[in-house]
Structure formats: C-alpha cells, structure tokens
Amino acid sequence: MSATASPGITEITACCACGGDLETLFELPRLPLTGLYGETPPTAAALAQGFDQSLCYCPNCTHLQLGRFLDGGFLYDTSYGFRTAGSQTASAATRYFRDWLLTLLPAGRCDTVVEFGCNDTTLLQTLADVARQRIGIDPILAHTADLPADITTLAVGIEDVDLRQFGADGPDLILCQHTLEHMPDPDGLLRHLRGQAGHQTIFAFEFPCADLLIAQQRFDQVFHQHLQYFSCRSIAGLLERHCFELIDFTFNASHWGALLLAFRIGRGGCEPLQQRQPRLERARLDGAHELFRNQMRACAALLDATEPPLYGFGAGQMLPVLDYHLGGAARRCTAIIDDDRARQGQWYGNLPLAIQSSAGIDFAGSAFLITAVDSRRAIAARLATLGAGRIVSPFLSL
Ligand SMILES: [Zn+2]
C-alpha cells in the first residue's frame, strides 16, 4: 500500500450491536493511521495524511463504535505491522488468556480448537498440549511465513468457513482473541457462528471493553482499526439476542482494558455480565473524555517547556494517535528509543521519528516521553534505573 492511498469509507448510522440510533460523542478530524513503519523518513504527504473519524454512542445498549469504517483491504494490507509474537504486551496477554481458558475446559483439554483472527498463530502454538487438532483462520495468513506444520491454517475470513467440516457438532472450542473489535458486522458474525456450532461448543472471546476504556480515560485507544467498543451491557445484549448463554468472564485491564468472555448456545443468563459495570451514561462518557483531553493538553504544554534533548521511549504502534491527541508534541522528540532490535533503524511511516537503540544516549542529561503508554509502568521503572534526567508520562496515572 502506498502511504498516501485513499480507502473507501462507509458512514455508519445504526448501532452494530442492537440496531439503535447512534449519537456522536466527538469528532476526530484527520485521525492518522497506525502500525505503519518504513526504512526511510516519511514523505510530507505521508506526514499529513489522516482520515476523518468519530466515536459514536448507542444510548439504547451503551455500545461504542466508530462513525466511519475505512475499507478493510486498505487497513490490513501487508504493511499493517502488528504481529502478536513481536509484541511483549500481547505475549503476556496470550499467557493470561491461555491460563483462563484452561479453567473452562473439562480436564483442561479439548478435541478440536478453531481460532479465527489467529494472526501469526501465537495463541494456537501454546495449545499443543490442550487440543488434538488445531485450526487457525485469518486472511493475514496469506502473508505470514514459517507457519507451524502441526496447525491447520486457512487464509480466509471466518464467514467463508463451514465449521461443520470439523465434526457434525462443529469444533468443541472456538477462540477469537482481539478480532471482534475489528469486524464491521458482529451481529452477522454471531448469527453465522450460532448456525454452525453444536450445543457443546465453547466460545472464548477477548476484546477491548468500553467500560474499562471509559474508567481509565483511554481515548487514545480509539483508532481506525477498532470499529467496535463493546460495553459489558452491549455484548451481553447481543449474546442474549442470538440465544447464547454466559459461561464465565474476567478482565485483563493491562492489555487494552480487555474483557475475556466464554459462552455457548443456550438461553440467556447474561445478567452477571450486564450488571458487572455501571451503565455507561452520556454524561460520564463526556466527563471521561474531558479528563483525557486535560491530560493531553497538560502533557503537550509540559513538553513545550522541556529542554532538549527529548527522546521518546517505547516504539508503540499507537504513537501516531497519541501524537495526534498531543497536538503534535511527540514530534519534538529527537528519536524513539526501543530495545527491540527488529524495530531499530526503522522510521514511523507517518511521523518524522526514527527508532534507535539506547546506545550512546546520555540518560542523565536527557528528558524522556513515554511513547508506549500501555507499558508505562515498566518503562518508567526502566528509565528510573537508567538514571533518566526527566520522565514525562502522557497520563497522570501509571
Ligand atoms: Zn446499541
């Protein structure tokens, strides 16, 4: 994909969870893309590129979602940089998900597990001792090298797969980790799965939870690839409408404020999930957004008043969106420091920032902006150990 290509854009007016009317919470004019990296400095056109976006709220079911969907073929071209194995926070989240999953399975085992949106099969690789047969489904597999031979892989979308080929009652475990939020039609997806699964099939999903996003004021997690932001109530309503029943749920707050959710074909019983968090009301959403914006404004002002040299620490994939909310203040950094050798020597595809190692950096004589905010506790601790002269966090809470 050229960094300046234009996608098709679909305006969304009805809630993807319940079909209700949407209210616009706020506009995000010219919101940049994320996950773009390159070998050379980005062009002026790439630096200026952005697409108008908005975050919407459904007062009926409390679902949050984007107001505009960019064409998936554009968003998930091979230059989309995210791979699970290459991300430390994602790898920790995979272990967390596996540990929770084992508590759901009789004797911790199953016969056939299907994961859709399996990315580079990181999660399935951890289940060799759990399932007799493992199947990974993801269009991205067409661009993934060195796949494990003992996992069956299908480089297609879940809607193009007949799950009954894996047994008359379907597979006994269906996983979906950090994929539902990318899908334009979760209602259609659940209808498809409902028609293909058996009564014994356990579904285990993980996705960012709107309740935690609001509680932590993390509007920097709103970006073009995440179309859906389910609240506990909106996903519970969707499950009930498709006649699923709740088995279990838990949260992993440190990884995208995630909700981990297990369910099967049945009859409702989603009240514990519905009632787990206070209902998301418009006034609270607006208040959380204002708290977020105040922190971004304060951080930008602090960076303006910080003596150089200033470096970013942690080459987070969401940095273009963070910089957007900081009003471009992250571009004051001389470079972004990251310990990941695979990232070093690269440039952000749409920020004038190179990624380099910490070799030769005068830590005591420099200021550092935490630029991978999901790891801000670990980064703050590491910078303190390295004797950093000044540490700036975009968020007041660590
Ligand atoms: Zn709704």
# chains A, B, ... in the order shown; residues from 1 in each chain; ligands from 1
$ residues_near_ligand --ligand "ligand 1" --cutoff "8 Å" --atoms "only C-alpha atoms and all ligand atoms" --output "PyMOL selection string"
chain A and resi 14-22+57-63+234
$ residues_around --residues "Leu189 of chain A" --least-positions-apart "2" --cutoff "12 Å" --atoms "only C-alpha atoms" --output "JSON, numbers by chain"
{"A": [16, 17, 116, 157, 158, 159, 160, 161, 176, 179, 180, 181, 182, 183, 184, 185, 186, 187, 191, 192, 193, 194, 195, 196, 238, 239, 242]}
$ atom_distance --atom1 "atom CA of Arg264 of chain A" --atom2 "atom CA of Ala215 of chain A"
28.6 Å
$ residues_around --residues "segment 217-226 of chain A" --least-positions-apart "2" --cutoff "7 Å" --atoms "only C-alpha atoms" --output "ChimeraX atom specification"
/A:33,70,75,181-182,213-215,228,288-289,291-292,321-322
$ write_last_selection --atoms "C-alpha atoms" --output "PDB file, in the first residue's frame"
ATOM      1  CA  LEU A  33      -3.320   5.595  10.616  1.00  0.00           C
ATOM      2  CA  LEU A  70     -12.360   2.537   6.392  1.00  0.00           C
ATOM      3  CA  LEU A  75      -6.348  -1.134   6.588  1.00  0.00           C
ATOM      4  CA  GLU A 181     -13.421  -5.276  17.619  1.00  0.00           C
ATOM      5  CA  HIS A 182     -12.123  -5.226  14.020  1.00  0.00           C
ATOM      6  CA  LEU A 213     -11.662   2.408  28.389  1.00  0.00           C
ATOM      7  CA  ILE A 214     -14.012   4.946  29.984  1.00  0.00           C
ATOM      8  CA  ALA A 215     -12.917   4.144  33.563  1.00  0.00           C
ATOM      9  CA  GLN A 228     -16.375  -1.797  17.859  1.00  0.00           C
ATOM     10  CA  ALA A 288     -14.098  10.905  30.879  1.00  0.00           C
ATOM     11  CA  HIS A 289     -13.301  12.495  27.520  1.00  0.00           C
ATOM     12  CA  LEU A 291     -10.347  14.247  31.740  1.00  0.00           C
ATOM     13  CA  PHE A 292      -8.454  12.643  28.860  1.00  0.00           C
ATOM     14  CA  VAL A 321      -2.676   8.570  17.524  1.00  0.00           C
ATOM     15  CA  LEU A 322      -1.073   9.625  20.826  1.00  0.00           C
TER      16      LEU A 322
END
$ select_by_dssp --residues "segment 204-308 of chain A" --states "helix (DSSP H, G or I)" --output "mmCIF file with N, CA and C atoms, in the first residue's frame"
data_model
loop_
_atom_site.group_PDB
_atom_site.id
_atom_site.type_symbol
_atom_site.label_atom_id
_atom_site.label_comp_id
_atom_site.auth_asym_id
_atom_site.auth_seq_id
_atom_site.Cartn_x
_atom_site.Cartn_y
_atom_site.Cartn_z
ATOM 1 N N ALA A 210 -15.376 -1.345 26.557
ATOM 2 C CA ALA A 210 -15.629 0.096 26.629
ATOM 3 C C ALA A 210 -15.698 0.575 28.074
ATOM 4 N N ASP A 211 -16.215 -0.262 28.971
ATOM 5 C CA ASP A 211 -16.316 0.164 30.374
ATOM 6 C C ASP A 211 -14.935 0.498 30.947
ATOM 7 N N LEU A 212 -13.925 -0.325 30.606
ATOM 8 C CA LEU A 212 -12.579 -0.076 31.136
ATOM 9 C C LEU A 212 -11.935 1.112 30.436
ATOM 10 N N LEU A 213 -12.186 1.245 29.127
ATOM 11 C CA LEU A 213 -11.662 2.408 28.389
ATOM 12 C C LEU A 213 -12.152 3.705 29.041
ATOM 13 N N ILE A 214 -13.437 3.741 29.380
ATOM 14 C CA ILE A 214 -14.012 4.946 29.984
ATOM 15 C C ILE A 214 -13.474 5.129 31.406
ATOM 16 N N ALA A 215 -13.392 4.039 32.176
ATOM 17 C CA ALA A 215 -12.917 4.144 33.563
ATOM 18 C C ALA A 215 -11.478 4.646 33.612
ATOM 19 N N PHE A 219 -8.929 7.292 25.621
ATOM 20 C CA PHE A 219 -9.449 7.564 24.279
ATOM 21 C C PHE A 219 -8.357 7.511 23.214
ATOM 22 N N ASP A 220 -7.096 7.410 23.661
ATOM 23 C CA ASP A 220 -6.009 7.188 22.693
ATOM 24 C C ASP A 220 -6.075 5.768 22.122
ATOM 25 N N GLN A 221 -6.948 4.909 22.684
ATOM 26 C CA GLN A 221 -7.124 3.555 22.144
ATOM 27 C C GLN A 221 -8.204 3.502 21.063
ATOM 28 N N CYS A 232 -19.943 -4.100 28.651
ATOM 29 C CA CYS A 232 -20.474 -5.364 29.185
ATOM 30 C C CYS A 232 -21.949 -5.518 28.809
ATOM 31 N N ARG A 233 -22.678 -4.402 28.832
ATOM 32 C CA ARG A 233 -24.108 -4.472 28.508
ATOM 33 C C ARG A 233 -24.361 -4.708 27.033
ATOM 34 N N SER A 234 -23.571 -4.064 26.170
ATOM 35 C CA SER A 234 -23.867 -4.215 24.740
ATOM 36 C C SER A 234 -23.528 -5.621 24.249
ATOM 37 N N ILE A 235 -22.459 -6.215 24.762
ATOM 38 C CA ILE A 235 -22.139 -7.585 24.304
ATOM 39 C C ILE A 235 -23.116 -8.576 24.936
ATOM 40 N N ALA A 236 -23.506 -8.328 26.185
ATOM 41 C CA ALA A 236 -24.467 -9.236 26.828
ATOM 42 C C ALA A 236 -25.791 -9.227 26.069
ATOM 43 N N GLY A 237 -26.225 -8.037 25.643
ATOM 44 C CA GLY A 237 -27.471 -7.938 24.882
ATOM 45 C C GLY A 237 -27.385 -8.680 23.556
ATOM 46 N N LEU A 238 -26.227 -8.561 22.908
ATOM 47 C CA LEU A 238 -26.036 -9.239 21.618
ATOM 48 C C LEU A 238 -26.054 -10.760 21.795
ATOM 49 N N LEU A 239 -25.396 -11.240 22.846
ATOM 50 C CA LEU A 239 -25.376 -12.701 23.103
ATOM 51 C C LEU A 239 -26.794 -13.205 23.380
ATOM 52 N N GLU A 240 -27.523 -12.450 24.176
ATOM 53 C CA GLU A 240 -28.889 -12.905 24.522
ATOM 54 C C GLU A 240 -29.770 -12.942 23.287
ATOM 55 N N ARG A 241 -29.611 -11.962 22.417
ATOM 56 C CA ARG A 241 -30.454 -11.891 21.234
ATOM 57 C C ARG A 241 -30.201 -13.084 20.299
ATOM 58 N N GLU A 271 -27.077 -11.876 32.925
ATOM 59 C CA GLU A 271 -27.252 -10.785 33.898
ATOM 60 C C GLU A 271 -25.966 -10.462 34.673
ATOM 61 N N PRO A 272 -25.180 -11.457 35.111
ATOM 62 C CA PRO A 272 -23.961 -11.105 35.858
ATOM 63 C C PRO A 272 -23.012 -10.210 35.044
ATOM 64 N N LEU A 273 -22.977 -10.423 33.735
ATOM 65 C CA LEU A 273 -22.137 -9.594 32.875
ATOM 66 C C LEU A 273 -22.762 -8.208 32.706
ATOM 67 N N GLN A 274 -24.085 -8.190 32.487
ATOM 68 C CA GLN A 274 -24.800 -6.920 32.292
ATOM 69 C C GLN A 274 -24.631 -6.009 33.504
ATOM 70 N N ARG A 282 -24.290 9.053 29.022
ATOM 71 C CA ARG A 282 -23.652 10.078 28.194
ATOM 72 C C ARG A 282 -22.823 11.062 29.029
ATOM 73 N N ALA A 283 -23.342 11.472 30.182
ATOM 74 C CA ALA A 283 -22.627 12.465 30.999
ATOM 75 C C ALA A 283 -21.281 11.920 31.471
ATOM 76 N N ARG A 284 -21.245 10.640 31.808
ATOM 77 C CA ARG A 284 -19.983 10.055 32.275
ATOM 78 C C ARG A 284 -18.991 9.916 31.122
ATOM 79 N N LEU A 285 -19.495 9.585 29.936
ATOM 80 C CA LEU A 285 -18.620 9.487 28.757
ATOM 81 C C LEU A 285 -17.989 10.841 28.452
ATOM 82 N N ASP A 286 -18.810 11.898 28.492
ATOM 83 C CA ASP A 286 -18.290 13.240 28.211
ATOM 84 C C ASP A 286 -17.284 13.659 29.284
ATOM 85 N N GLY A 287 -17.565 13.315 30.539
ATOM 86 C CA GLY A 287 -16.641 13.647 31.622
ATOM 87 C C GLY A 287 -15.302 12.941 31.465
ATOM 88 N N ALA A 288 -15.335 11.663 31.074
ATOM 89 C CA ALA A 288 -14.098 10.905 30.879
ATOM 90 C C ALA A 288 -13.294 11.491 29.721
ATOM 91 N N HIS A 289 -13.994 11.904 28.672
ATOM 92 C CA HIS A 289 -13.301 12.495 27.520
ATOM 93 C C HIS A 289 -12.628 13.808 27.918
ATOM 94 N N GLU A 290 -13.288 14.594 28.738
ATOM 95 C CA GLU A 290 -12.703 15.859 29.182
ATOM 96 C C GLU A 290 -11.461 15.604 30.054
ATOM 97 N N LEU A 291 -11.523 14.600 30.925
ATOM 98 C CA LEU A 291 -10.347 14.247 31.740
ATOM 99 C C LEU A 291 -9.178 13.830 30.852
ATOM 100 N N PHE A 292 -9.483 13.065 29.807
ATOM 101 C CA PHE A 292 -8.454 12.643 28.860
ATOM 102 C C PHE A 292 -7.836 13.857 28.174
ATOM 103 N N ARG A 293 -8.697 14.746 27.671
ATOM 104 C CA ARG A 293 -8.186 15.901 26.924
ATOM 105 C C ARG A 293 -7.356 16.817 27.819
ATOM 106 N N ASN A 294 -7.762 16.952 29.089
ATOM 107 C CA ASN A 294 -6.976 17.778 30.023
ATOM 108 C C ASN A 294 -5.571 17.213 30.198
ATOM 109 N N GLN A 295 -5.459 15.885 30.288
ATOM 110 C CA GLN A 295 -4.139 15.273 30.449
ATOM 111 C C GLN A 295 -3.287 15.466 29.195
ATOM 112 N N MET A 296 -3.911 15.357 28.022
ATOM 113 C CA MET A 296 -3.159 15.544 26.777
ATOM 114 C C MET A 296 -2.664 16.987 26.659
ATOM 115 N N ARG A 297 -3.557 17.937 27.015
ATOM 116 C CA ARG A 297 -3.167 19.356 26.951
ATOM 117 C C ARG A 297 -2.017 19.652 27.913
ATOM 118 N N ALA A 298 -2.094 19.115 29.132
ATOM 119 C CA ALA A 298 -1.055 19.371 30.127
ATOM 120 C C ALA A 298 0.268 18.759 29.684
ATOM 121 N N CYS A 299 0.200 17.558 29.129
ATOM 122 C CA CYS A 299 1.432 16.893 28.686
ATOM 123 C C CYS A 299 2.067 17.669 27.532
ATOM 124 N N ALA A 300 1.245 18.130 26.589
ATOM 125 C CA ALA A 300 1.779 18.896 25.450
ATOM 126 C C ALA A 300 2.460 20.175 25.947
ATOM 127 N N ALA A 301 1.845 20.847 26.927
ATOM 128 C CA ALA A 301 2.436 22.081 27.464
ATOM 129 C C ALA A 301 3.751 21.785 28.178
ATOM 130 N N LEU A 302 3.770 20.663 28.897
ATOM 131 C CA LEU A 302 4.992 20.268 29.607
ATOM 132 C C LEU A 302 6.126 19.979 28.619
ATOM 133 N N LEU A 303 5.787 19.323 27.514
ATOM 134 C CA LEU A 303 6.807 19.011 26.505
ATOM 135 C C LEU A 303 7.327 20.302 25.867
ATOM 136 N N ASP A 304 6.424 21.262 25.669
ATOM 137 C CA ASP A 304 6.847 22.554 25.110
ATOM 138 C C ASP A 304 7.871 23.226 26.022
#
$ closest_residue --among "A:Pro278, A:Gly387, A:Pro42, A:Pro106" --to "Ser231 of chain A" --atoms "only C-alpha atoms"
A:Pro278
$ atom_distance --atom1 "atom CA of Phe69 of chain A" --atom2 "atom CA of Thr10 of chain A"
5.1 Å
$ atom_distance --atom1 "atom CA of Gln133 of chain A" --atom2 "atom CA of Gln165 of chain A"
12.7 Å
$ closest_atom_pairs --of "segment 20-58 of chain A" --to "segment 324-347 of chain A" --cutoff "6 Å" --atoms "only C-alpha atoms" --output "JSON lines"
{"residue": "A:Tyr37", "atom": "CA", "partner": "A:Trp347", "partner_atom": "CA", "distance": 5.6}
{"residue": "A:Gly38", "atom": "CA", "partner": "A:Trp347", "partner_atom": "CA", "distance": 5.1}
{"residue": "A:Glu39", "atom": "CA", "partner": "A:Gln346", "partner_atom": "CA", "distance": 5.0}
{"residue": "A:Pro41", "atom": "CA", "partner": "A:Trp347", "partner_atom": "CA", "distance": 5.9}
$ select_by_dssp --residues "segment 205-288 of chain A" --states "strand (DSSP E or B)" --output "list in words"
Phe205, Glu206, Phe207, Pro208, Cys209, Gln228, Tyr229, Phe230, Phe244, Glu245, Leu246, Ile247, Asp248, Phe249, Thr250, Phe251, Asn252, Ala258, Leu259, Leu260, Leu261, Ala262, Phe263, Arg264, Ile265 and Gly268 of chain A
$ closest_residue --among "A:Leu396, A:Ala155, A:Cys209, A:Leu383" --to "Phe251 of chain A" --atoms "only C-alpha atoms"
A:Cys209
$ residues_around --residues "Thr40 of chain A" --least-positions-apart "5" --cutoff "12 Å" --atoms "only C-alpha atoms" --output "list in words"
Ala46, Gly345, Gln346, Trp347, Tyr348, Gly349, Asn350, Leu351, Pro352, Leu353, Ala354 and Ile355 of chain A
$ write_last_selection --atoms "C-alpha atoms" --output "PDB file, in the first residue's frame"
ATOM      1  CA  ALA A  46       2.500  10.677   4.441  1.00  0.00           C
ATOM      2  CA  GLY A 345      16.765   1.549  12.277  1.00  0.00           C
ATOM      3  CA  GLN A 346      13.153   1.895  11.128  1.00  0.00           C
ATOM      4  CA  TRP A 347      11.061   5.049  10.819  1.00  0.00           C
ATOM      5  CA  TYR A 348       7.445   5.561  11.663  1.00  0.00           C
ATOM      6  CA  GLY A 349       5.565   5.602   8.375  1.00  0.00           C
ATOM      7  CA  ASN A 350       3.693   8.796   9.250  1.00  0.00           C
ATOM      8  CA  LEU A 351       5.776  10.502  11.960  1.00  0.00           C
ATOM      9  CA  PRO A 352       9.146  12.248  11.464  1.00  0.00           C
ATOM     10  CA  LEU A 353      10.666   9.903  14.048  1.00  0.00           C
ATOM     11  CA  ALA A 354      13.322   7.212  13.720  1.00  0.00           C
ATOM     12  CA  ILE A 355      13.581   4.253  16.117  1.00  0.00           C
TER      13      ILE A 355
END
$ closest_residue --among "A:Thr144, A:Gln49, A:Thr94, A:Thr385" --to "Asn252 of chain A" --atoms "only C-alpha atoms"
A:Thr94
$ residues_around --residues "Arg382 of chain A" --least-positions-apart "4" --cutoff "12 Å" --atoms "only C-alpha atoms" --output "list in words"
Phe313, Gly314, Asp338, Asp339, Ser358, Phe363, Phe368, Ile370, Ser375, Arg376, Arg377, Ala378, Leu386, Gly387, Ala388 and Ile391 of chain A
$ residues_around --residues "Gly198 of chain A" --least-positions-apart "4" --cutoff "8 Å" --atoms "only C-alpha atoms" --output "list in words"
Ala168, Asp169, Gly170, Pro171, Asp172 and Ile265 of chain A
$ write_last_selection --atoms "C-alpha atoms" --output "PDB file, in the first residue's frame"
ATOM      1  CA  ALA A 168     -21.085 -32.824  12.934  1.00  0.00           C
ATOM      2  CA  ASP A 169     -21.457 -30.625  16.025  1.00  0.00           C
ATOM      3  CA  GLY A 170     -18.664 -28.288  14.988  1.00  0.00           C
ATOM      4  CA  PRO A 171     -15.395 -27.838  16.899  1.00  0.00           C
ATOM      5  CA  ASP A 172     -15.619 -28.088  20.680  1.00  0.00           C
ATOM      6  CA  ILE A 265     -25.527 -21.974  22.786  1.00  0.00           C
TER       7      ILE A 265
END
$ closest_residue --among "A:Ala131, A:Asp362, A:Ala90, A:His143" --to "Ser254 of chain A" --atoms "only C-alpha atoms"
A:Ala90
$ residues_around --residues "Leu154 of chain A" --least-positions-apart "4" --cutoff "7 Å" --atoms "only C-alpha atoms" --output "number ranges by chain"
A: 136-138
